[in-house]
Structures are given as C-alpha cells and as structure tokens.
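Each remark here refers to the structure printed beneath this line.
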Amino acid sequence: MSKTQTVEIGSLNPRQTYISIAIIGGLFFIFGFVSWVNAILIPYFKIACELNNFQSYLVAFAFYISYFIFSVPASYLLKAVGFKKGMMVGFWIMALGAFVFVPAAMVRTYELFLLGLFMIGAGLAVLQTAANPYITILGPKESAAQRISIMGILNKGAGILAPLLFAAVILRVSDDEIISQLPAMGELEKNMFLDELISRVILPYSLVGAVLVILGVLVRISPLPEINTETETDSVSRANANKSYILQFPHLILGALAIFLHVGTQVIAIDTIMSYAISMDISLLDAKVFPSYTLAAMIAGYIFGIITIPKYLSQVTVLKAFTTMGLLFTFAILWIEGGVSFQGMQVDISIWFVVLLGLANSLVWAGIWPLALDGLGKFTKLGASILIMGLCGNAILPMIYGYFADEIGLREAYWVLVPCYIYLMFYAFKGHSIRKWS
C-alpha cells in the first residue's frame, strides 16, 4: 500500500490498523500536552498580567473558541487535501501560535498571548477533526469507546506531565514569597519582577513551536493511511436515502450539545482546581499538583473502560453511570465540607470531589462519540466537525464559572456544573437514540 493510497473503512489488515492507532495515539499525547498546560497558564497569567478570575479564564476562551470557528472549515480542508496534509497544516498553525508567545512575553501583553492561544487552538481544531473520527472508525464501533479510552490515557498522561514540566521551567521556590509582597511593592519594582516572570515562557514556547513544525513534516511522511469515509454500506445508504443535510441527524446534534457541556465540565474540573486550592491558602508551587490528581482520576476511569467495554459493559451503560456520577460529585463539592490534611497541606474535603470529577468525566467523551457518529455514512467528516465545534464549551463554561467565582465565590460557582450533568444524563438515557425530530 502506498503512503497516499486511500483505503476503505474496515479494509486495513491488523498490522496497518495497529500502526495507525499508534500514530493517532502519539497525536493524542501531543493534544494533551498542549491543551492541559492551560491549567497552570491561567493562574500564571493572572499573576504576571494582573488579572481577575474572569479575565484569567480568557486563556481557556481564546484557546477553545477557535474550535467553534475552525471545525467546519477543517472538515472541508481534510476533504480537499486528505487527512495527512490537513494534519500537517494543523501542526504548522499550532507552531505559529507558539511562536507568538515570544513577542507577547517581550512586551507583557495579555492580548498577544490570547492570540497565540487562539492560533494553537485553531491548529488543534484541524488535528482533532481528523484524529477523533479516525480512531472511532479504525475498528468495530462496539469497541470504539475502548480505543478512545486508550487515546484518553495518552492525552491525560501528557496532561499530568505538562503542568509539572511547565512549572519546573518557569517557577522558582522564591516566587511565592515575592508574589506575596507584590501589593506592597513600588510600581517600578513590581513591573521588573513581572516582566522577568513572564519572560520565562520565551524559551519553552520557542522549543514547542520548533517541535510542532517538525511533527507536521513527520505526520505527512508517516505510513498513516488515508481513510475513505465517503462510501456507505447498503443499510446506512438506505437509512440516509432521504437525508441531504447534517441537521437531519438529531442524535448527532444532541451529541454535539453533549460534547459542548461535557468538555466544559472537564475543563472546569481541571483548570479551576489550582485557583480553588490557592483560595485555601495553598501556595502556587504546591497547588500545581492538583490538576495532575484530577487527570490521574481520569486515567483510572479510562483503564476501567479498557477492561470493561464492551466485554462486560456496553458503551451506553457506562455513559449512564458516569454522567450520573458527575452530578453526585458536583453536589458533594457544594454540600460536603470539612478540613483534611494531605502531604502537609490542609484543605477542605470538597477539593477532593473536584478531583473525582476527573473520574466521572473520563468515559463521557468516549461514550458520546461513537453514539453520535453512528450511521452517518458519507456525513461522517462533517458530523465529526460538528462534534469538534462542541469543544467551544471549553471556552464558554470556564468563563461562566469565572464570572460566578468573582460574584459569589469559587466554591459556589461549581453550581454551573449541575445543569450540564443533568443534560448529559438525558443524552445517555434517551437523546442518543433519537433518530427523527418529532
């Protein structure tokens, strides 16, 4: 098989399938590393650029709103040039965004950082639009959640490493003491420290940009096959005979809304936990470990999914259980309190329920994707781009949380998760099976 040959779904031999899954797995690791570093960028920019909670969550907004803007164009790009060329373009757009951090740091301008994050998100929109349907169709649909769980382990494993490595590069032991003295400093002294603090991103993001350029070339020359998603089986063709546009698939549209709410709850659980820990008088250096705990809980959920789906539990059953779990953990954050000590840190027990949201969120994405793409046939690429548009929930919901965090408090702001999990339960129990708008 040549590197540019297009193959039909299901025609790959086992070796080709495993190689393809391994390459896509590497992509998911990169997605996680670039995405979850936002967990530490939010409190970092809040200090260095002197922001309030709402302003600091513009990090997530700028990064993820690009998914809403670029996902559908990404599907047309992939259709025009193929998966591999499209992914190369995605990597290069991400690299350009990383390089924008250099001038942004030189002038300590938050808006330029947001532009860089927007461009990184735009590149990721292209990559995600390709990679997610790829891993969904590289094998039986009944085990799609299992394959997505493996991708999730790689994604969240990178997410555990990213904040810790980033903190090791840009933070110093003396920073906490200096930061605590910022209100008493003179304007000149304070600006000198903040300029030095923000300049520490120049080297790591220059390296990230260079690596992304190289990865774009490597994915282009990789043995990853082009997959033909335009043909349909006879049964799918008959089912879609009277359908001419994407809005005629209610289980997809309802699934896109589910993705919107799910990713928003996921990012809130990971990206807000450092600020929540800091509100309990935990230092920035100590608080940096909490996103890793949440991501570790997600990995535990993925391992559970790999073991149980579909051998013991169906994708739908797991989706029902884990969305219900998310609602219960949210109520626990809001209603259960009391001090606990862990590794010398005194925190309120509610923060551990934020950590457990990682477990509840772990298999929701894996459950929604195969259910939402089921039976789309030639609409698969466009359907995948609609689902990727739902990733703008990562942009919107943290902003809503940030607004309420400023208005009513960090803990009380977790109320925004309640309606999200209620809808996710609706999709798990009913919405995914709706095939006609009534």
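Residues are referred to by chain and number: the chain letter is A, B, ... according to the order shown in the structure tokens, the number counts from 1 in that chain, and ligands are numbered separately from 1 in the order shown.
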Neighbour list for range 267-273 of chain A as a PyMOL selection string, cut-off 6 Å, only C-alpha atoms, skip fewer than 2 positions in-chain: chain A and resi 39+264-265+275-276+291+354+398
So that I can check the surroundings of Lys156 in chain A, please list as a ChimeraX atom specification every protein, DNA and RNA residue that reaches within 12 Å of it, counting only C-alpha atoms and ignoring chain neighbours fewer than 5 positions away. /A:25,28-37,148-151,161-163,266-267,270,291-303,358-359,361-362
May I have the residues from that selection written out with C-alpha atoms, as a CSV table (one decimal), in the first residue's frame?
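Written output follows (out-v1.csv):
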chain,number,residue,atom,x,y,z
A,25,GLY,CA,-2.1,7.8,19.9
A,28,PHE,CA,-3.5,12.5,21.3
A,29,PHE,CA,-0.4,12.7,23.6
A,30,ILE,CA,0.6,16.0,21.8
A,31,PHE,CA,-3.0,17.3,22.1
A,32,GLY,CA,-3.0,16.7,25.8
A,33,PHE,CA,0.4,18.3,26.4
A,34,VAL,CA,-0.5,21.5,24.5
A,35,SER,CA,-4.1,21.7,25.9
A,36,TRP,CA,-3.7,20.9,29.6
A,37,VAL,CA,-0.8,23.3,30.2
A,148,ILE,CA,-10.9,6.2,22.7
A,149,SER,CA,-10.1,5.3,26.3
A,150,ILE,CA,-6.6,4.3,25.2
A,151,MET,CA,-6.3,7.7,23.5
A,161,LEU,CA,3.3,16.0,32.7
A,162,ALA,CA,2.6,19.3,31.1
A,163,PRO,CA,1.7,21.5,34.1
A,266,GLN,CA,-14.0,18.6,32.2
A,267,VAL,CA,-12.0,21.9,31.8
A,270,ILE,CA,-9.0,20.7,35.8
A,291,PRO,CA,-4.6,19.3,38.1
A,292,SER,CA,-2.5,16.2,37.9
A,293,TYR,CA,-4.6,14.5,40.6
A,294,THR,CA,-7.8,15.2,38.5
A,295,LEU,CA,-6.1,13.9,35.4
A,296,ALA,CA,-4.9,10.8,37.2
A,297,ALA,CA,-8.5,10.1,38.2
A,298,MET,CA,-9.5,10.4,34.6
A,299,ILE,CA,-6.8,7.9,33.6
A,300,ALA,CA,-8.2,5.5,36.3
A,301,GLY,CA,-11.6,5.8,34.5
A,302,TYR,CA,-10.0,5.1,31.1
A,303,ILE,CA,-8.4,1.9,32.4
A,358,GLY,CA,-11.9,13.6,36.7
A,359,LEU,CA,-13.2,10.0,37.2
A,361,ASN,CA,-15.7,12.8,33.2
A,362,SER,CA,-13.3,10.1,31.9
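If you measure from each of A:Ile386, A:Met280, A:Ala360, A:Leu397 to Val340 in chain A using only C-alpha atoms, the closest one turns out to be A:Met280.
Rounded to one decimal, CA of Ala258 in chain A and CA of Cys392 in chain A lie 11.7 Å from each other.
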Residues within 8 Å of Val72 in chain A, please, as a short mmCIF file (atom, residue, chain, number, x, y, z; two decimals) with N, CA and C atoms, in the first residue's frame. Count only C-alpha atoms; anything in the same chain fewer than 2 positions from it doesn't count.
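Wrote it out as result.cif, contents follow:
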data_model
loop_
_atom_site.label_atom_id
_atom_site.label_comp_id
_atom_site.auth_asym_id
_atom_site.auth_seq_id
_atom_site.Cartn_x
_atom_site.Cartn_y
_atom_site.Cartn_z
N ILE A 69 -14.96 28.07 15.55
CA ILE A 69 -14.77 28.82 14.31
C ILE A 69 -14.19 27.96 13.21
N PHE A 70 -13.25 27.07 13.55
CA PHE A 70 -12.46 26.39 12.52
C PHE A 70 -12.85 24.93 12.27
N ALA A 74 -12.28 23.06 8.84
CA ALA A 74 -11.30 21.97 8.91
C ALA A 74 -11.80 20.73 8.17
N SER A 75 -13.10 20.46 8.27
CA SER A 75 -13.64 19.28 7.58
C SER A 75 -13.52 19.42 6.07
N TYR A 76 -13.72 20.65 5.57
CA TYR A 76 -13.58 20.87 4.13
C TYR A 76 -12.11 20.82 3.70
N LEU A 382 -18.21 15.67 8.16
CA LEU A 382 -18.92 16.87 8.57
C LEU A 382 -19.50 16.68 9.97
N SER A 385 -16.85 17.22 12.47
CA SER A 385 -16.53 18.63 12.65
C SER A 385 -17.59 19.33 13.50
N ILE A 386 -18.85 18.89 13.38
CA ILE A 386 -19.91 19.44 14.24
C ILE A 386 -19.62 19.10 15.70
N MET A 389 -16.87 21.21 16.99
CA MET A 389 -17.36 22.55 17.32
C MET A 389 -17.82 22.62 18.77
#
Selection: 6 Å around range 113-123 of chain A, only C-alpha atoms, excl. self and same-chain fewer than 4 positions, as a ChimeraX atom specification: /A:62-64,66,90-91,93-94,97,100-101,104
Residues near range 170-184 of chain A, cut-off 7 Å, only C-alpha atoms, skip fewer than 2 positions along chain, as a VMD selection string: chain A and resid 166 to 168 186 190 200 to 201 283 to 284
